[in-house]
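Coordinates from run29.cif are shown below (mmCIF, C-alpha atoms and all ligand atoms).
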data_work
#
loop_
_atom_site.label_atom_id
_atom_site.label_comp_id
_atom_site.auth_asym_id
_atom_site.auth_seq_id
_atom_site.Cartn_x
_atom_site.Cartn_y
_atom_site.Cartn_z
CA MET A 246 0.00 0.00 0.00
CA ASN A 247 1.26 3.49 -0.84
CA ASP A 248 0.81 6.39 1.57
CA VAL A 249 0.10 8.76 -1.33
CA GLU A 250 -0.82 8.24 -4.96
CA LEU A 251 -1.21 11.00 -7.48
CA VAL A 252 -3.11 9.97 -10.60
CA ALA A 253 -2.87 12.36 -13.56
CA VAL A 254 -2.99 15.32 -11.15
CA THR A 255 -3.23 18.67 -12.91
CA LYS A 256 -3.32 22.20 -11.58
CA ARG A 257 -4.38 25.09 -13.76
CA TYR A 258 -4.41 28.70 -12.64
CA GLY A 259 -6.72 30.36 -15.16
CA GLY A 260 -5.36 29.14 -18.48
CA ALA A 261 -1.85 28.40 -17.22
CA VAL A 262 -0.89 24.81 -16.43
CA ALA A 263 1.25 24.71 -13.25
CA VAL A 264 1.14 20.93 -12.72
CA ASP A 265 0.67 18.79 -15.81
CA ALA A 266 -1.01 15.38 -15.31
CA ILE A 267 1.56 13.97 -12.93
CA ASP A 268 1.53 10.39 -11.65
CA LEU A 269 3.41 9.54 -8.48
CA ALA A 270 3.36 6.75 -5.90
CA ILE A 271 4.84 7.48 -2.47
CA PRO A 272 5.54 4.27 -0.52
CA THR A 273 4.46 3.85 3.10
CA ALA A 274 6.71 5.45 5.73
CA SER A 275 9.10 7.04 3.25
CA TYR A 276 10.86 10.39 2.89
CA THR A 277 10.12 12.10 -0.42
CA CYS A 278 11.69 15.33 -1.64
CA LEU A 279 10.10 17.34 -4.44
CA LEU A 280 12.75 19.43 -6.14
CA GLY A 281 13.20 21.50 -9.24
CA PRO A 282 13.72 25.09 -10.35
CA SER A 283 11.51 27.93 -9.24
CA GLY A 284 8.03 27.75 -10.75
CA CYS A 285 8.20 24.05 -11.69
CA GLY A 286 5.08 23.24 -9.64
CA LYS A 287 6.49 21.78 -6.39
CA THR A 288 4.49 23.93 -4.00
CA SER A 289 1.30 23.58 -6.01
CA THR A 290 1.69 19.80 -5.84
CA LEU A 291 2.25 19.88 -2.08
CA ARG A 292 -0.70 22.20 -1.51
CA MET A 293 -2.99 19.96 -3.55
CA ILE A 294 -1.96 16.94 -1.42
CA ALA A 295 -2.68 19.01 1.72
CA GLY A 296 -6.02 20.17 0.35
CA HIS A 297 -5.03 23.85 0.51
CA GLU A 298 -5.33 24.07 -3.27
CA SER A 299 -8.05 22.50 -5.39
CA VAL A 300 -7.17 19.86 -7.99
CA SER A 301 -8.10 20.88 -11.57
CA ASP A 302 -7.99 17.29 -12.87
CA GLY A 303 -6.98 13.87 -11.61
CA ASP A 304 -7.10 12.14 -8.23
CA ILE A 305 -5.19 12.11 -4.96
CA LEU A 306 -5.27 8.93 -2.87
CA LEU A 307 -4.05 8.76 0.71
CA ALA A 308 -3.59 5.22 2.00
CA GLY A 309 -5.82 4.03 -0.83
CA ARG A 310 -8.65 6.48 -0.03
CA ASN A 311 -9.61 9.11 -2.59
CA VAL A 312 -9.25 12.45 -0.76
CA THR A 313 -9.37 14.74 -3.81
CA LEU A 314 -12.47 16.55 -2.62
CA LEU A 315 -11.94 16.31 1.16
CA PRO A 316 -11.03 19.35 3.30
CA PRO A 317 -7.47 19.45 4.73
CA ALA A 318 -8.46 18.35 8.25
CA SER A 319 -10.13 15.15 7.01
CA ARG A 320 -7.21 13.84 4.96
CA GLY A 321 -4.74 12.49 7.51
CA THR A 322 -2.11 15.01 6.43
CA ALA A 323 -0.51 17.88 8.31
CA MET A 324 1.46 20.75 6.85
CA MET A 325 4.40 22.64 8.24
CA PHE A 326 4.73 26.06 6.69
CA GLN A 327 7.89 27.92 5.81
CA SER A 328 6.77 30.88 7.96
CA TYR A 329 6.00 28.57 10.93
CA ALA A 330 2.68 30.46 11.43
CA LEU A 331 2.74 30.24 15.24
CA PHE A 332 0.20 32.14 17.36
CA PRO A 333 2.27 34.95 18.94
CA HIS A 334 0.17 35.24 22.12
CA LEU A 335 0.26 31.50 22.93
CA SER A 336 3.10 29.67 24.70
CA ALA A 337 4.98 26.94 22.85
CA ARG A 338 2.91 24.36 24.77
CA ASP A 339 -0.41 26.00 23.86
CA ASN A 340 0.66 26.40 20.24
CA VAL A 341 1.39 22.68 20.05
CA ALA A 342 -1.83 21.76 21.88
CA PHE A 343 -3.89 23.94 19.54
CA GLY A 344 -4.73 21.24 16.99
CA LEU A 345 -6.08 19.01 19.75
CA ARG A 346 -8.11 21.87 21.21
CA MET A 347 -9.84 22.20 17.84
CA ARG A 348 -10.70 18.50 18.06
CA GLY A 349 -12.21 18.86 21.54
CA THR A 350 -9.53 16.87 23.42
CA PRO A 351 -9.82 17.58 27.20
CA LYS A 352 -7.34 20.18 28.49
CA ALA A 353 -5.19 18.00 30.77
CA GLU A 354 -4.81 15.39 28.04
CA ARG A 355 -3.88 17.85 25.31
CA LEU A 356 -1.32 19.68 27.47
CA ALA A 357 0.30 16.38 28.47
CA LYS A 358 0.45 15.36 24.83
CA ALA A 359 1.86 18.76 23.86
CA ASP A 360 4.67 18.27 26.37
CA GLN A 361 5.33 14.83 24.94
CA PHE A 362 5.66 16.27 21.41
CA LEU A 363 7.80 19.19 22.62
CA ASP A 364 10.11 16.57 24.16
CA LEU A 365 10.15 14.74 20.85
CA VAL A 366 11.55 17.86 19.14
CA GLN A 367 13.85 18.48 22.13
CA LEU A 368 12.11 21.62 23.28
CA GLY A 369 10.54 20.36 26.51
CA ALA A 370 12.46 22.86 28.64
CA LEU A 371 11.06 25.87 26.76
CA ALA A 372 7.36 24.94 26.79
CA ASP A 373 6.27 28.11 28.60
CA ARG A 374 7.95 30.57 26.27
CA LEU A 375 6.14 32.71 23.72
CA PRO A 376 7.25 32.43 20.07
CA ALA A 377 8.98 35.85 20.31
CA GLN A 378 11.17 34.43 23.09
CA LEU A 379 12.39 31.58 20.86
CA SER A 380 15.03 31.53 18.12
CA GLY A 381 14.02 30.82 14.53
CA GLY A 382 15.20 27.23 14.82
CA GLN A 383 13.26 26.75 18.06
CA GLN A 384 10.11 28.26 16.57
CA GLN A 385 10.44 25.81 13.77
CA ARG A 386 10.56 22.90 16.19
CA VAL A 387 7.37 24.18 17.80
CA ALA A 388 5.74 24.29 14.36
CA LEU A 389 6.91 20.76 13.72
CA ALA A 390 5.52 19.49 17.04
CA ARG A 391 2.26 21.29 16.31
CA ALA A 392 1.95 19.57 12.95
CA LEU A 393 2.84 16.14 14.36
CA ILE A 394 0.54 16.16 17.39
CA THR A 395 -2.54 15.50 15.27
CA GLY A 396 -1.06 12.12 14.29
CA PRO A 397 -0.86 12.60 10.52
CA ARG A 398 -0.02 9.73 8.24
CA VAL A 399 1.74 12.16 5.93
CA LEU A 400 3.60 15.32 6.95
CA LEU A 401 3.99 17.97 4.26
CA LEU A 402 6.89 20.40 4.57
CA ASP A 403 7.26 23.48 2.39
CA GLU A 404 10.95 24.49 2.29
CA PRO A 405 11.29 23.90 6.02
CA LEU A 406 15.02 24.59 6.19
CA SER A 407 15.41 27.58 3.90
CA ALA A 408 15.21 30.23 6.64
CA LEU A 409 17.91 28.63 8.81
CA ASP A 410 21.63 29.36 8.79
CA PRO A 411 23.82 26.59 7.32
CA PHE A 412 24.80 25.12 10.71
CA LEU A 413 21.24 24.90 12.00
CA ARG A 414 20.05 23.66 8.63
CA ALA A 415 22.36 20.65 8.78
CA LYS A 416 21.27 19.92 12.36
CA MET A 417 17.58 20.25 11.59
CA ARG A 418 18.00 18.06 8.51
CA GLU A 419 19.25 15.22 10.70
CA GLU A 420 16.39 15.84 13.07
CA LEU A 421 13.76 15.62 10.32
CA LYS A 422 15.12 12.31 9.13
CA ARG A 423 15.22 10.96 12.70
CA LEU A 424 11.62 12.02 13.33
CA GLN A 425 10.39 10.49 10.10
CA ARG A 426 12.06 7.18 10.99
CA GLU A 427 10.94 7.18 14.61
CA LEU A 428 7.34 8.05 13.82
CA GLY A 429 7.14 5.69 10.84
CA ILE A 430 5.07 8.13 8.78
CA SER A 431 5.76 9.68 5.36
CA PHE A 432 7.32 13.10 4.95
CA ILE A 433 6.96 15.01 1.68
CA HIS A 434 9.41 17.89 1.61
CA VAL A 435 9.65 20.64 -1.00
CA THR A 436 13.14 21.99 -1.53
CA HIS A 437 15.26 23.97 -3.96
CA SER A 438 18.34 22.22 -2.69
CA GLN A 439 19.81 19.19 -4.42
CA GLU A 440 22.02 18.57 -1.42
CA GLU A 441 19.04 18.53 0.92
CA ALA A 442 17.18 16.08 -1.30
CA MET A 443 20.24 13.83 -1.55
CA ALA A 444 20.71 13.81 2.21
CA LEU A 445 17.10 13.19 3.15
CA ALA A 446 15.12 11.47 0.46
CA ASP A 447 14.28 7.85 -0.07
CA LEU A 448 12.54 9.10 -3.20
CA ALA A 449 13.75 12.21 -5.04
CA VAL A 450 11.16 13.67 -7.43
CA VAL A 451 12.67 16.09 -9.94
CA MET A 452 10.15 18.41 -11.59
CA ASP A 453 10.39 20.75 -14.56
CA HIS A 454 7.61 22.84 -16.10
CA GLY A 455 4.85 21.08 -14.17
CA ARG A 456 6.04 17.58 -15.06
CA ILE A 457 7.97 14.91 -13.19
CA VAL A 458 11.17 14.32 -15.13
CA GLN A 459 12.65 11.67 -12.82
CA ALA A 460 11.46 10.01 -9.62
CA ALA A 461 13.95 7.60 -8.06
CA PRO A 462 16.21 7.12 -5.04
CA PRO A 463 18.78 9.97 -4.95
CA ARG A 464 21.64 7.66 -5.75
CA GLU A 465 19.93 6.50 -8.92
CA VAL A 466 19.16 10.10 -9.94
CA PHE A 467 22.81 11.00 -9.39
CA GLU A 468 24.29 7.94 -11.09
CA ARG A 469 21.75 7.63 -13.88
CA PRO A 470 20.11 10.99 -14.61
CA THR A 471 17.54 10.49 -17.35
CA SER A 472 18.09 13.76 -19.19
CA ALA A 473 20.49 16.64 -19.62
CA PHE A 474 18.11 18.76 -17.53
CA VAL A 475 18.28 16.33 -14.58
CA ALA A 476 22.06 15.92 -14.87
CA ARG A 477 22.53 19.69 -14.80
CA PHE A 478 19.97 20.30 -12.09
CA ILE A 479 21.24 17.63 -9.72
CA GLY A 480 24.77 19.01 -10.13
CA GLY A 481 28.12 17.29 -10.10
CA HIS A 482 27.95 16.42 -13.83
CA ASN A 483 29.33 17.70 -17.10
CA VAL A 484 26.86 17.41 -19.96
CA LEU A 485 28.72 17.03 -23.24
CA PRO A 486 27.55 16.57 -26.83
CA ARG A 487 27.98 13.13 -28.48
CA GLY A 488 26.70 13.36 -32.03
CA GLU A 489 22.90 13.77 -31.92
CA ARG A 490 22.75 12.97 -28.21
CA ALA A 491 24.52 14.01 -25.04
CA VAL A 492 26.41 12.23 -22.30
CA ALA A 493 26.83 13.05 -18.61
CA VAL A 494 30.15 12.57 -16.85
CA ARG A 495 30.51 13.10 -13.14
CA THR A 496 32.88 15.98 -12.37
CA ASP A 497 34.61 13.85 -9.73
CA ARG A 498 35.46 11.30 -12.42
CA CYS A 499 37.33 13.90 -14.50
CA ARG A 500 41.00 14.63 -14.06
CA LEU A 501 43.65 16.98 -15.40
CA ASP A 502 45.70 14.56 -17.43
CA ALA A 503 47.01 14.93 -20.97
CA GLY A 504 48.85 11.60 -21.02
CA THR A 505 46.08 9.01 -20.98
CA GLU A 506 43.97 7.47 -23.73
CA GLY A 507 40.25 8.11 -23.87
CA PRO A 508 37.79 10.99 -24.08
CA ARG A 509 39.08 14.45 -23.30
CA LEU A 510 38.47 18.15 -23.58
CA GLU A 511 41.33 20.46 -24.43
CA GLY A 512 41.24 24.13 -23.60
CA ARG A 513 42.25 26.62 -20.95
CA VAL A 514 41.52 26.89 -17.27
CA ARG A 515 38.70 29.43 -16.99
CA ALA A 516 38.04 29.13 -13.25
CA LEU A 517 39.61 27.60 -10.18
CA GLU A 518 37.79 27.30 -6.90
CA TYR A 519 39.32 26.00 -3.71
CA LEU A 520 36.56 24.23 -1.75
CA GLY A 521 38.52 22.71 1.13
CA SER A 522 38.79 18.99 0.56
CA THR A 523 38.26 19.46 -3.17
CA VAL A 524 39.19 21.95 -5.89
CA ARG A 525 36.91 22.82 -8.80
CA VAL A 526 38.68 23.36 -12.11
CA VAL A 527 36.71 24.64 -15.10
CA VAL A 528 38.22 24.13 -18.54
CA ALA A 529 36.84 25.95 -21.60
CA THR A 530 37.64 25.11 -25.24
CA PRO A 531 38.14 27.89 -27.83
CA ASP A 532 34.61 27.19 -29.18
CA GLY A 533 33.12 27.81 -25.73
CA THR A 534 32.44 24.22 -24.60
CA GLU A 535 33.05 23.93 -20.89
CA ALA A 536 33.57 21.09 -18.48
CA GLU A 537 34.82 20.88 -14.96
CA ALA A 538 36.74 18.53 -12.74
CA LEU A 539 36.27 18.20 -9.02
CA LEU A 540 39.70 17.17 -7.83
CA PRO A 541 40.73 15.98 -4.39
CA ASP A 542 42.87 18.76 -2.93
CA SER A 543 45.87 16.42 -2.86
CA ALA A 544 45.56 15.76 -6.61
CA PHE A 545 45.32 19.48 -7.28
CA ALA A 546 48.29 20.24 -5.02
CA SER A 547 50.49 17.92 -7.09
CA SER A 548 49.60 19.70 -10.36
CA THR A 549 51.02 23.06 -11.40
CA VAL A 550 47.98 24.35 -13.19
CA THR A 551 46.89 27.97 -12.74
CA LEU A 552 44.21 30.20 -14.19
CA GLY A 553 44.53 30.72 -17.96
CA ASP A 554 46.88 27.75 -18.49
CA ALA A 555 46.35 25.30 -21.32
CA ALA A 556 44.83 22.17 -19.78
CA THR A 557 43.34 18.83 -20.75
CA LEU A 558 40.39 17.36 -18.91
CA ALA A 559 40.24 13.58 -19.30
CA TRP A 560 37.92 10.80 -18.15
CA ASN A 561 37.23 7.14 -18.86
CA ALA A 562 34.76 6.22 -21.60
CA ALA A 563 33.11 3.88 -19.07
CA ASP A 564 32.21 6.90 -16.93
CA GLU A 565 30.07 8.42 -19.69
CA HIS A 566 26.37 8.05 -19.10
CA ALA A 567 24.18 8.38 -22.21
CA LEU A 568 21.28 10.81 -21.84
CA ALA A 569 17.89 10.65 -23.52
CA ALA A 570 17.62 12.88 -26.57
N1 LIG B 1 -2.22 31.27 -6.92
C1 LIG B 1 -1.64 31.28 -8.13
N2 LIG B 1 -2.23 31.92 -9.18
C2 LIG B 1 -1.68 31.91 -10.40
N3 LIG B 1 -0.53 31.27 -10.71
C3 LIG B 1 0.10 30.62 -9.72
C4 LIG B 1 -0.43 30.59 -8.39
N4 LIG B 1 0.42 29.84 -7.62
C5 LIG B 1 1.42 29.44 -8.44
N5 LIG B 1 1.23 29.89 -9.69
C6 LIG B 1 2.08 29.63 -10.86
O1 LIG B 1 2.18 28.24 -11.03
C7 LIG B 1 3.51 27.84 -11.36
C8 LIG B 1 4.02 26.84 -10.33
O2 LIG B 1 4.13 27.49 -9.09
P1 LIG B 1 4.62 26.75 -7.78
O3 LIG B 1 4.56 27.72 -6.65
O4 LIG B 1 3.89 25.48 -7.62
O5 LIG B 1 6.13 26.43 -8.15
P2 LIG B 1 7.36 26.06 -7.24
O6 LIG B 1 8.10 25.03 -7.98
O7 LIG B 1 6.91 25.73 -5.87
O8 LIG B 1 8.17 27.42 -7.23
P3 LIG B 1 9.09 28.06 -6.09
O9 LIG B 1 10.26 27.14 -5.95
O10 LIG B 1 9.46 29.39 -6.68
O11 LIG B 1 8.26 28.16 -4.86
C9 LIG B 1 4.31 29.12 -11.44
O12 LIG B 1 4.39 29.49 -12.78
C10 LIG B 1 3.52 30.10 -10.63
O13 LIG B 1 3.70 31.40 -11.11
#
Show me the file's structure as structure tokens.
Ligand SMILES: Nc1ncnc2c1ncn2[C@@H]1O[C@H](COP(=O)(O)OP(=O)(O)OP(=O)(O)O)[C@@H](O)[C@H]1O
Amino acid sequence: MNDVELVAVTKRYGGAVAVDAIDLAIPTASYTCLLGPSGCGKTSTLRMIAGHESVSDGDILLAGRNVTLLPPASRGTAMMFQSYALFPHLSARDNVAFGLRMRGTPKAERLAKADQFLDLVQLGALADRLPAQLSGGQQQRVALARALITGPRVLLLDEPLSALDPFLRAKMREELKRLQRELGISFIHVTHSQEEAMALADLAVVMDHGRIVQAAPPREVFERPTSAFVARFIGGHNVLPRGERAVAVRTDRCRLDAGTEGPRLEGRVRALEYLGSTVRVVVATPDGTEAEALLPDSAFASSTVTLGDAATLAWNAADEHALAA
């Protein structure tokens, strides 16, 4: 049984198609990331699953039940918003208990459960604080506890990490994955970030212009991107012409090496970026074709290459991955 199934789901705003007849099956208790460039339809898809946006065509099934026409509260989903949307005059505890209050749960029971969920997000000690007395990261944990307390089968997260600084983002990312595993429910998470999707997702769904262009485990998307668009979007690949078609070659499989047999690109070093454990070297040919190598810093240290030098980027033919036309 899948937690969520989308069957030819379409969203039109006036005449414009934002989501174009997408099909998607999200397995039980899995972590799914929806990713793609701005305007590709990620948020519209999430909002249709939540019931915050009507479906123009197609069906949405949650645990096998058709929920397309049901209001958000009857679906078994909960949504965590980017803005957290906490009530400023309520304590963290009362914010978390709010969903249960709306369902008529007795006070003592809902406050005890709120404390339990605040503990789950490691915020038990701050239960009496108002949102204004909490940091952004802490407010976000309150919002997460508030969404989880209603016992959803599917939690929907709209760019939950984008407002956090890089350190907190990495920490919260671990936390989201832990919660999803511990609770055994499905998370569907909209992100712009390839790295976030790689780190979190069991299923990475890449969208472009309202369509799903690849839906697979992150490793498969990275190792076998289906198109030049996916290879470029997911990053870490050079996309190079091969006759009528194109091939993708991982940048970490390229090296600066004129001596070996095999495919190569000859040109000049157009950019060099030191990234700590790796160095990014971009080589451009006179006709403007570019490719880059991501070299271990030790490999770069043993070369003498500098900006503007003539350089040859080489890789093994076996590392070329053919892309669909
Ligand atoms: N309420 C609306 N009315 C009209 N058009 C809309 C509305 N909401 C979204 N759109 C359009 O639908 C398309 C998809 O938008 P959506 O917000 O789903 O994309 P997205 O991938 O989430 O983008 P972003 O990453 O920028 O949030 C865009 O072209 C957008 O302009």
Suppose you want the space between CA of Leu269 (chain A) and CA of Val252 (chain A); what is it in Å?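 Separating CA of Leu269 (chain A) from CA of Val252 (chain A) is a distance of 6.9 Å.
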Per-residue nearest contacts of chain A to ligand LIG 1 (chain B) (6 Å; only C-alpha atoms and all ligand atoms) as JSON lines:
{"residue": "A:Tyr258", "atom": "CA", "partner": "B:LIG1", "partner_atom": "C2", "distance": 4.8}
{"residue": "A:Ala263", "atom": "CA", "partner": "B:LIG1", "partner_atom": "O1", "distance": 4.3}
{"residue": "A:Pro282", "atom": "CA", "partner": "B:LIG1", "partner_atom": "O9", "distance": 6.0}
{"residue": "A:Ser283", "atom": "CA", "partner": "B:LIG1", "partner_atom": "O10", "distance": 3.6}
{"residue": "A:Gly284", "atom": "CA", "partner": "B:LIG1", "partner_atom": "O5", "distance": 3.5}
{"residue": "A:Cys285", "atom": "CA", "partner": "B:LIG1", "partner_atom": "O6", "distance": 3.8}
{"residue": "A:Gly286", "atom": "CA", "partner": "B:LIG1", "partner_atom": "O4", "distance": 3.2}
{"residue": "A:Lys287", "atom": "CA", "partner": "B:LIG1", "partner_atom": "O6", "distance": 4.0}
{"residue": "A:Thr288", "atom": "CA", "partner": "B:LIG1", "partner_atom": "O7", "distance": 3.5}
{"residue": "A:Ser289", "atom": "CA", "partner": "B:LIG1", "partner_atom": "O4", "distance": 3.6}
So, counting only C-alpha atoms, which residue among A:Ala516, A:Leu402, A:Ala337, A:Ala563 is closest to Ala390 (chain A)? A:Ala337
For the atom pair CA of Asn311 (chain A) and CA of Leu251 (chain A), what is the interatomic distance in Å to one decimal place? 9.9 Å
So the first atom is CA of Ile294 (chain A) and the second is CA of Asn340 (chain A); what is the distance between them in Å, to one decimal place?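 Going from CA of Ile294 (chain A) over to CA of Asn340 (chain A) covers 23.8 Å.
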Shell of 12 Å around Glu420 (chain A), all atoms listed in the file, local chain residues under 2 positions omitted, as a PDB file with C-alpha atoms, in the coordinates of the input:
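Done, and the output landed in out-v4.pdb:
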ATOM      1  CA  LEU A 365      10.150  14.740  20.850  1.00  0.00           C
ATOM      2  CA  VAL A 366      11.550  17.860  19.140  1.00  0.00           C
ATOM      3  CA  GLN A 367      13.850  18.480  22.130  1.00  0.00           C
ATOM      4  CA  GLY A 382      15.200  27.230  14.820  1.00  0.00           C
ATOM      5  CA  GLN A 385      10.440  25.810  13.770  1.00  0.00           C
ATOM      6  CA  ARG A 386      10.560  22.900  16.190  1.00  0.00           C
ATOM      7  CA  LEU A 389       6.910  20.760  13.720  1.00  0.00           C
ATOM      8  CA  PRO A 405      11.290  23.900   6.020  1.00  0.00           C
ATOM      9  CA  LEU A 406      15.020  24.590   6.190  1.00  0.00           C
ATOM     10  CA  LEU A 413      21.240  24.900  12.000  1.00  0.00           C
ATOM     11  CA  ARG A 414      20.050  23.660   8.630  1.00  0.00           C
ATOM     12  CA  ALA A 415      22.360  20.650   8.780  1.00  0.00           C
ATOM     13  CA  LYS A 416      21.270  19.920  12.360  1.00  0.00           C
ATOM     14  CA  MET A 417      17.580  20.250  11.590  1.00  0.00           C
ATOM     15  CA  ARG A 418      18.000  18.060   8.510  1.00  0.00           C
ATOM     16  CA  LYS A 422      15.120  12.310   9.130  1.00  0.00           C
ATOM     17  CA  ARG A 423      15.220  10.960  12.700  1.00  0.00           C
ATOM     18  CA  LEU A 424      11.620  12.020  13.330  1.00  0.00           C
ATOM     19  CA  GLN A 425      10.390  10.490  10.100  1.00  0.00           C
ATOM     20  CA  ARG A 426      12.060   7.180  10.990  1.00  0.00           C
ATOM     21  CA  GLU A 427      10.940   7.180  14.610  1.00  0.00           C
ATOM     22  CA  LEU A 428       7.340   8.050  13.820  1.00  0.00           C
ATOM     23  CA  ALA A 444      20.710  13.810   2.210  1.00  0.00           C
ATOM     24  CA  LEU A 445      17.100  13.190   3.150  1.00  0.00           C
TER      25      LEU A 445
END
